[in-house]
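K.L.:
Can you keep this structure in mind? I'll have questions shortly.
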Amino acid sequence: MVGHSSWAGTILRVDLTTGEISKQSFPEEWKEKFLGGRNLNSKILFDEVPAGTDPLGPENKLIIGTGPMTGVLGPATGRLTVTAKSPLTGIHGDANAGGDFADEIKYAGYDHIVISGKAERPVYLWIDDERVELRDASHLWGKTVFEADRIIRMEDIRDSDVKTLMIGPAGENLVRFACVMANLYRAAGRCGMGAVMGSKNLKAVAARGSQSVKVAKPKEYITYLEQLFREIYHAPNYPIWSEYGTTTLVMLKHQRGEMGVRNKQDNEWPDDKAKAIGGDSFLNTLAVKSKACFACPIHCAHGFVVKDGPYRGTYGEGMEWAVIGPFGNELDNPRLDAIGKCHELISQYGLDSISTGLMIAFAMELFQRGIFTKEDTKGMTLTWGDHEVIVELVHKIAHREGMGDLLADGKRLMVQKLGARGNEAAKCSEHVKWLDEPTDPRSDVARTLNYAVATRGADHLRGRPSYATWVDSAFERFLKEQYPDKAFESPKTIDFQSYDPIIVDVLIFIETINSAADALEICKFTTPWIAQSVGLSAMAKLSSLATGLDISAEKLFEIAERGWHIERAFSVREGIRAKDDIPSHRFFEPIRSGPHKGKQLDRKLFEGLLQVYYQKRGWDTNGIPTRERLEKLGLKDVADNLGL
Amino acid sequence: MTILINAEKCTGCRICELICTFTKHDEFNPKRSRIRIVKMERIFVDIPVVCTQCPDPPCVTSCPADALRKDADNIVRVDDESCTGCGSCVESCPFAAVFIDPLSDTAVVCDLCHGDPQCVKWCPTGALEFRASDQPGEEKTRDAVTITTKSLLKKWGIAWEEYEKYHGKSKGESQA
């Protein structure tokens, strides 16, 4: 490549079985076709982890991906994706985190890290620019994220600026929804990536980098970035988002009837309870300052301190809707201080907040219905809103103690283990392909469709069109051509509660926005997904100026689509078909309470909508990508591999 | 001229570090930056560290190669040719605001970008503030100073109010 480019240009490969460390030059073809981040991770996973691989066996791979924007001053460029076959869902798995670990990897000279095999005893990977080594981690095993991070930085390496990515006891104990933590508090949360890391006896990756990242056209780049930052600051939702972060969603979801109560049995909660865990309550009682990930102008996070009551002395960085929902309304728990305690615990143990809270909610409902007895709970009484029991269960899950051992296996395996009771139990969980979500989508057909087809299981981060805006001119043009009779001045002109095929187009567009953001590894909070300004055209221009490649919005669309198809193909190869896209039983139950009381998802119409989705994606009626579509995307090898 | 710091407003985003190295070198590399965010992750403390333009800067007096000088505009500048990268200036700075650039192996210190500091311009929260002139009688209070003073006063048993009585309120520590 001529001139500078914002890639480091190297993929680091670590075989934990042999201890071999090698450096692979980043193929130019991969840059053009996949860019990087989640997108390229998915390709590497598809190519290197064959069907039927045990997710917790040495044959699974753990892939850490930064993107071409990582380390560059840009719209929140400190993100990374961790990818592996998921031990929670059994299909394609990945998780995305912020913080400032990703940029440190880039400054050390690497774009992706591919970790294979299994170490004989606990190790950690120490990356000090070009010097890379595996170090003994027996003194770190069993330690919390907070403790192990301190020991690595202050005792082992003696440099407080070293950045860590690590698992806590939950990952070591193979809790199937354990996560990987960046900079203590930033979670690559979903799909159990922490358990994969634990299965490899890899406690942490520590990094220190001192190399520069350059962009292809510095002057044009910075001028354009100044404009983009101005747009971000002037977006209508900037004041709220930068002050509240996602805690602002608590009251919104309460009002919209999207707040699941008692494991989504209900959608109505008293106002005073909702207010007690809402954004204003958080800012007024716990938050002490705003926090941001690397290079982020939005700073949606906070430092928080619990100042009194039984949880006095609890503190951490957070909190988000994805913690408050699962540990609050879902458990009928209006105690923000207890939620704060759970937040601190899941950070130090390395547990996914969503899966952990919803697993406890699931257990409480099973107990409420008598499907779980005291024999299952090892004598515990599970009562809704009992914050002491909730906190205790977080400890138990992380350490697989008592009934925590059963819960730590995740819903899919737990339901299997319950034998005859499994079917009844399964009815109490709202999930798609065994991944669950904090927001109840039943009043929002578009969101339900998003959950149904998302490539890692139910997942708002893969789509969720109904809160988004499309300030993107390319997409507006496309919509106008497709639907000449409709006006698209604003997203409000679309009824997301209808089964109108247009929501499929909007969904695909938002899926693409998010895939593109993940390929570049910028934060989705800067994109139209959350009504912000860095759209597809902006991403295309920004990445062109940074990488020196000529990336148009159309090209970026295609790049994102390639990754989407590969992720789908991975799961199809594992046996996923159209029937698996049908959401679980609870999605089809009528909404029992709240503003949408009585509404019910129409299964026939919904299945029709799924077929529209397959058709528009170029998949067959069974949800399998066609050879024709794959070849058009330059993925003949994927078609061959699937035996199409 | 000086950059005022309000650490309570700092989110730790490090945009200042990035724009600093981009301004000076057309590239991004926090390890070359003349402003650094000291991050204490567990307790979410972020403190911007940057040259405070001391009246009698120890970095200048401690330099064995006479590579650092304070110019007529009060700004400390490094002569790259004579700098040996020995680190005396780094050790002598009471605010840890002088750094060795790992690529050039010379000392780097903030020069206020010719009176238009880019870190201040790009800071999302106003944690960094630029004061173009030093007004007589006005206390140049900065967090780095405040924090050091505070710990000393605590040790000596002098109430924080005494500081405020004689030295004015400090923005960053107003709730302390």
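Ligands are numbered from 1 in the order shown, chains are lettered A, B, ... in the order of the structure tokens, and residues start at 1 in each chain.
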Once you count only C-alpha atoms, which residues of chain B turn out to be within 9 Å of chain A? Could you give them as a ChimeraX atom specification?

P.N.:
/B:8-16,18-19,22,26-32,38-46,102-103,122-125

K.L.:
Which residues in stretch 365-582 of chain A does DSSP call strand (DSSP E or B)? List them as an MDAnalysis selection string.

P.N.:
chainID A and resid 431:432 435:436 439 455 457

K.L.:
Return the single residue from A:Arg456, A:Arg603, A:Arg38, A:Arg13 that is closest to A:Ser515, with distances computed using only C-alpha atoms.

P.N.:
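Nearest candidate to A:Ser515 out of A:Arg456, A:Arg603, A:Arg38, A:Arg13: A:Arg38.
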
K.L.:
What's around B:Phe99 at 10 Å? Count only C-alpha atoms, leave out sequence neighbours fewer than 3 positions away in its own chain, and write the answer as a PDB file with N, CA and C atoms, in the first residue's frame.

P.N.:
ATOM      1  N   LYS B  31       1.951   8.152  23.829  1.00  0.00           N
ATOM      2  CA  LYS B  31       3.256   8.127  24.483  1.00  0.00           C
ATOM      3  C   LYS B  31       4.149   9.297  24.024  1.00  0.00           C
ATOM      4  N   ARG B  32       3.723  10.025  23.000  1.00  0.00           N
ATOM      5  CA  ARG B  32       4.479  11.208  22.560  1.00  0.00           C
ATOM      6  C   ARG B  32       3.802  12.498  23.024  1.00  0.00           C
ATOM      7  N   SER B  33       2.698  12.358  23.733  1.00  0.00           N
ATOM      8  CA  SER B  33       1.893  13.536  24.060  1.00  0.00           C
ATOM      9  C   SER B  33       2.534  14.401  25.137  1.00  0.00           C
ATOM     10  N   ARG B  34       2.255  15.690  25.069  1.00  0.00           N
ATOM     11  CA  ARG B  34       2.767  16.636  26.066  1.00  0.00           C
ATOM     12  C   ARG B  34       1.745  16.867  27.166  1.00  0.00           C
ATOM     13  N   ILE B  35       0.601  16.277  27.014  1.00  0.00           N
ATOM     14  CA  ILE B  35      -0.386  16.279  28.097  1.00  0.00           C
ATOM     15  C   ILE B  35      -0.757  14.816  28.315  1.00  0.00           C
ATOM     16  N   ARG B  36      -0.893  14.413  29.572  1.00  0.00           N
ATOM     17  CA  ARG B  36      -1.224  13.014  29.861  1.00  0.00           C
ATOM     18  C   ARG B  36      -2.373  12.958  30.865  1.00  0.00           C
ATOM     19  N   VAL B  50      -0.181  18.458  32.824  1.00  0.00           N
ATOM     20  CA  VAL B  50       0.412  19.272  31.771  1.00  0.00           C
ATOM     21  C   VAL B  50       1.242  20.369  32.426  1.00  0.00           C
ATOM     22  N   GLY B  85      18.107  13.155  26.426  1.00  0.00           N
ATOM     23  CA  GLY B  85      17.075  12.228  26.897  1.00  0.00           C
ATOM     24  C   GLY B  85      17.423  11.621  28.249  1.00  0.00           C
ATOM     25  N   GLY B  87      16.554  12.511  31.250  1.00  0.00           N
ATOM     26  CA  GLY B  87      15.420  12.387  32.158  1.00  0.00           C
ATOM     27  C   GLY B  87      15.512  13.209  33.435  1.00  0.00           C
ATOM     28  N   CYS B  89      15.015  16.346  33.804  1.00  0.00           N
ATOM     29  CA  CYS B  89      13.859  17.243  33.820  1.00  0.00           C
ATOM     30  C   CYS B  89      12.609  16.505  34.267  1.00  0.00           C
ATOM     31  N   VAL B  90      12.467  15.269  33.789  1.00  0.00           N
ATOM     32  CA  VAL B  90      11.291  14.470  34.154  1.00  0.00           C
ATOM     33  C   VAL B  90      11.254  14.276  35.667  1.00  0.00           C
ATOM     34  N   GLU B  91      12.396  13.964  36.224  1.00  0.00           N
ATOM     35  CA  GLU B  91      12.466  13.717  37.665  1.00  0.00           C
ATOM     36  C   GLU B  91      12.281  14.985  38.476  1.00  0.00           C
ATOM     37  N   CYS B  93      10.486  17.700  37.731  1.00  0.00           N
ATOM     38  CA  CYS B  93       9.197  18.395  37.627  1.00  0.00           C
ATOM     39  C   CYS B  93       8.267  17.962  38.762  1.00  0.00           C
ATOM     40  N   ALA B  96       5.111  16.218  37.425  1.00  0.00           N
ATOM     41  CA  ALA B  96       5.303  15.103  36.487  1.00  0.00           C
ATOM     42  C   ALA B  96       4.791  15.451  35.100  1.00  0.00           C
ATOM     43  N   PRO B 102       9.297   8.453  23.392  1.00  0.00           N
ATOM     44  CA  PRO B 102      10.020   7.204  23.145  1.00  0.00           C
ATOM     45  C   PRO B 102      10.530   7.074  21.704  1.00  0.00           C
ATOM     46  N   ASP B 105      13.444  10.048  21.732  1.00  0.00           N
ATOM     47  CA  ASP B 105      14.311   9.986  22.910  1.00  0.00           C
ATOM     48  C   ASP B 105      14.725  11.354  23.412  1.00  0.00           C
ATOM     49  N   THR B 106      13.847  12.321  23.248  1.00  0.00           N
ATOM     50  CA  THR B 106      14.118  13.651  23.803  1.00  0.00           C
ATOM     51  C   THR B 106      12.946  14.064  24.696  1.00  0.00           C
ATOM     52  N   ALA B 107      13.208  15.101  25.505  1.00  0.00           N
ATOM     53  CA  ALA B 107      12.160  15.572  26.411  1.00  0.00           C
ATOM     54  C   ALA B 107      11.091  16.333  25.634  1.00  0.00           C
ATOM     55  N   VAL B 108       9.843  16.174  26.062  1.00  0.00           N
ATOM     56  CA  VAL B 108       8.761  16.973  25.476  1.00  0.00           C
ATOM     57  C   VAL B 108       7.984  17.638  26.605  1.00  0.00           C
ATOM     58  N   VAL B 109       7.586  18.878  26.344  1.00  0.00           N
ATOM     59  CA  VAL B 109       6.832  19.629  27.339  1.00  0.00           C
ATOM     60  C   VAL B 109       5.863  20.546  26.590  1.00  0.00           C
ATOM     61  N   CYS B 110       4.750  20.846  27.220  1.00  0.00           N
ATOM     62  CA  CYS B 110       3.701  21.640  26.556  1.00  0.00           C
ATOM     63  C   CYS B 110       4.215  23.034  26.187  1.00  0.00           C
TER      64      CYS B 110
END

K.L.:
So that I can see what lies close to A:Gln255, please list as a list of chain:residue names the residues with an atom at most 12 Å from it, counting only C-alpha atoms and leaving out residues fewer than 3 positions away in the same chain.

P.N.:
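Once the nearby chain positions are removed, what remains is A:Thr248, A:Leu249, A:Val250, A:Met251, A:Leu252, A:Glu258, A:Met259, A:Gly260, A:Asn267, A:Glu268, A:Trp269, A:Pro270, A:Asp271, A:Ala274, A:Lys275, A:Gly278, A:Gly594, A:Pro595, A:His596.
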
K.L.:
What's the 7 Å shell around stretch 188-205 of chain A, counting only C-alpha atoms, without same-chain residues fewer than 5 positions away, as an mmCIF file with C-alpha atoms, in the first residue's frame?

P.N.:
data_model
loop_
_atom_site.group_PDB
_atom_site.id
_atom_site.type_symbol
_atom_site.label_atom_id
_atom_site.label_comp_id
_atom_site.auth_asym_id
_atom_site.auth_seq_id
_atom_site.Cartn_x
_atom_site.Cartn_y
_atom_site.Cartn_z
ATOM 1 C CA PRO A 55 -16.862 -24.268 22.578
ATOM 2 C CA LEU A 56 -14.896 -24.967 25.751
ATOM 3 C CA GLY A 57 -12.374 -27.276 24.078
ATOM 4 C CA PRO A 58 -8.901 -26.318 22.862
ATOM 5 C CA LEU A 62 -10.625 -16.696 20.872
ATOM 6 C CA VAL A 82 -13.980 -10.717 21.145
ATOM 7 C CA ALA A 84 -15.466 -17.371 19.526
ATOM 8 C CA SER A 86 -20.320 -19.457 22.080
ATOM 9 C CA PRO A 87 -20.515 -21.886 25.014
ATOM 10 C CA LEU A 88 -23.808 -20.226 25.981
ATOM 11 C CA THR A 89 -25.682 -20.557 22.682
ATOM 12 C CA GLY A 93 -20.592 -15.750 19.436
ATOM 13 C CA ASP A 94 -18.993 -12.384 19.940
ATOM 14 C CA ALA A 95 -18.962 -9.464 22.345
ATOM 15 C CA ASN A 96 -17.903 -5.858 22.042
ATOM 16 C CA ALA A 97 -16.222 -3.680 24.671
ATOM 17 C CA GLY A 117 -5.229 -24.219 21.987
ATOM 18 C CA LYS A 118 -5.098 -24.513 25.743
ATOM 19 C CA ALA A 119 -2.277 -23.733 28.133
ATOM 20 C CA ARG A 121 -1.478 -24.112 33.494
ATOM 21 C CA PRO A 122 -2.801 -20.555 33.938
ATOM 22 C CA VAL A 123 -0.933 -17.997 31.848
ATOM 23 C CA TYR A 124 -1.294 -14.435 30.710
ATOM 24 C CA LEU A 125 -0.189 -12.858 27.476
ATOM 25 C CA TRP A 126 2.143 -9.868 27.868
ATOM 26 C CA ALA A 137 -0.534 -16.642 35.933
ATOM 27 C CA TRP A 141 -5.895 -17.494 39.176
ATOM 28 C CA THR A 164 -5.446 -5.214 30.766
ATOM 29 C CA LEU A 165 -8.147 -7.368 29.249
ATOM 30 C CA MET A 166 -9.054 -10.208 31.559
ATOM 31 C CA ILE A 167 -11.416 -12.697 33.063
ATOM 32 C CA GLY A 171 -14.484 -17.106 33.453
ATOM 33 C CA GLU A 172 -12.112 -19.421 35.292
ATOM 34 C CA LEU A 174 -16.472 -21.683 33.087
ATOM 35 C CA VAL A 175 -19.691 -19.844 33.848
ATOM 36 C CA ARG A 176 -21.228 -19.923 30.415
ATOM 37 C CA PHE A 177 -22.109 -16.247 30.476
ATOM 38 C CA ALA A 178 -18.799 -15.042 31.884
ATOM 39 C CA CYS A 179 -17.433 -12.009 30.114
ATOM 40 C CA VAL A 180 -14.083 -10.495 29.302
ATOM 41 C CA MET A 181 -13.335 -7.203 31.057
ATOM 42 C CA ASP A 352 -22.370 -10.558 31.822
#

K.L.:
Would you work out the distance separating atom CA of B:Ser133 from atom CA of B:Met1, expressed in Å to one decimal?

P.N.:
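Atom-to-atom, atom CA of B:Ser133 and atom CA of B:Met1 are spaced 5.0 Å apart.
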
K.L.:
Taking the DSSP assignment computed from this structure's backbone, write out as a PyMOL selection string all residues of stretch 24-126 of chain B that belong to alpha helix (DSSP H).

P.N.:
chain B and resi 24-25+58-62+88-92+118-122

K.L.:
For the selection you just gave me, I'd like the residues written to a file as a PDB file, in the first residue's frame, keeping C-alpha atoms.

P.N.:
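Full text of result_37.pdb as output:
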ATOM      1  CA  LYS B  24       2.950  18.092  16.766  1.00  0.00           C
ATOM      2  CA  HIS B  25       3.656  15.029  14.624  1.00  0.00           C
ATOM      3  CA  PRO B  58      13.170  23.086  37.937  1.00  0.00           C
ATOM      4  CA  CYS B  59      13.164  21.244  34.608  1.00  0.00           C
ATOM      5  CA  VAL B  60      15.247  24.076  33.143  1.00  0.00           C
ATOM      6  CA  THR B  61      17.612  24.441  36.080  1.00  0.00           C
ATOM      7  CA  SER B  62      18.147  20.696  36.425  1.00  0.00           C
ATOM      8  CA  SER B  88      16.664  14.890  34.785  1.00  0.00           C
ATOM      9  CA  CYS B  89      13.859  17.243  33.820  1.00  0.00           C
ATOM     10  CA  VAL B  90      11.291  14.470  34.154  1.00  0.00           C
ATOM     11  CA  GLU B  91      12.466  13.717  37.665  1.00  0.00           C
ATOM     12  CA  SER B  92      12.692  17.348  38.715  1.00  0.00           C
ATOM     13  CA  GLN B 118      -5.461  22.272  20.741  1.00  0.00           C
ATOM     14  CA  CYS B 119      -6.129  20.050  23.767  1.00  0.00           C
ATOM     15  CA  VAL B 120      -8.261  22.804  25.272  1.00  0.00           C
ATOM     16  CA  LYS B 121     -10.081  23.338  21.996  1.00  0.00           C
ATOM     17  CA  TRP B 122     -10.921  19.626  21.634  1.00  0.00           C
TER      18      TRP B 122
END

K.L.:
Nearest to A:Glu155 among A:Met539, A:Lys341, A:Arg464, A:His139, with distances taken over only C-alpha atoms: which residue is it?

P.N.:
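Closest to A:Glu155, using only C-alpha atoms: A:His139.
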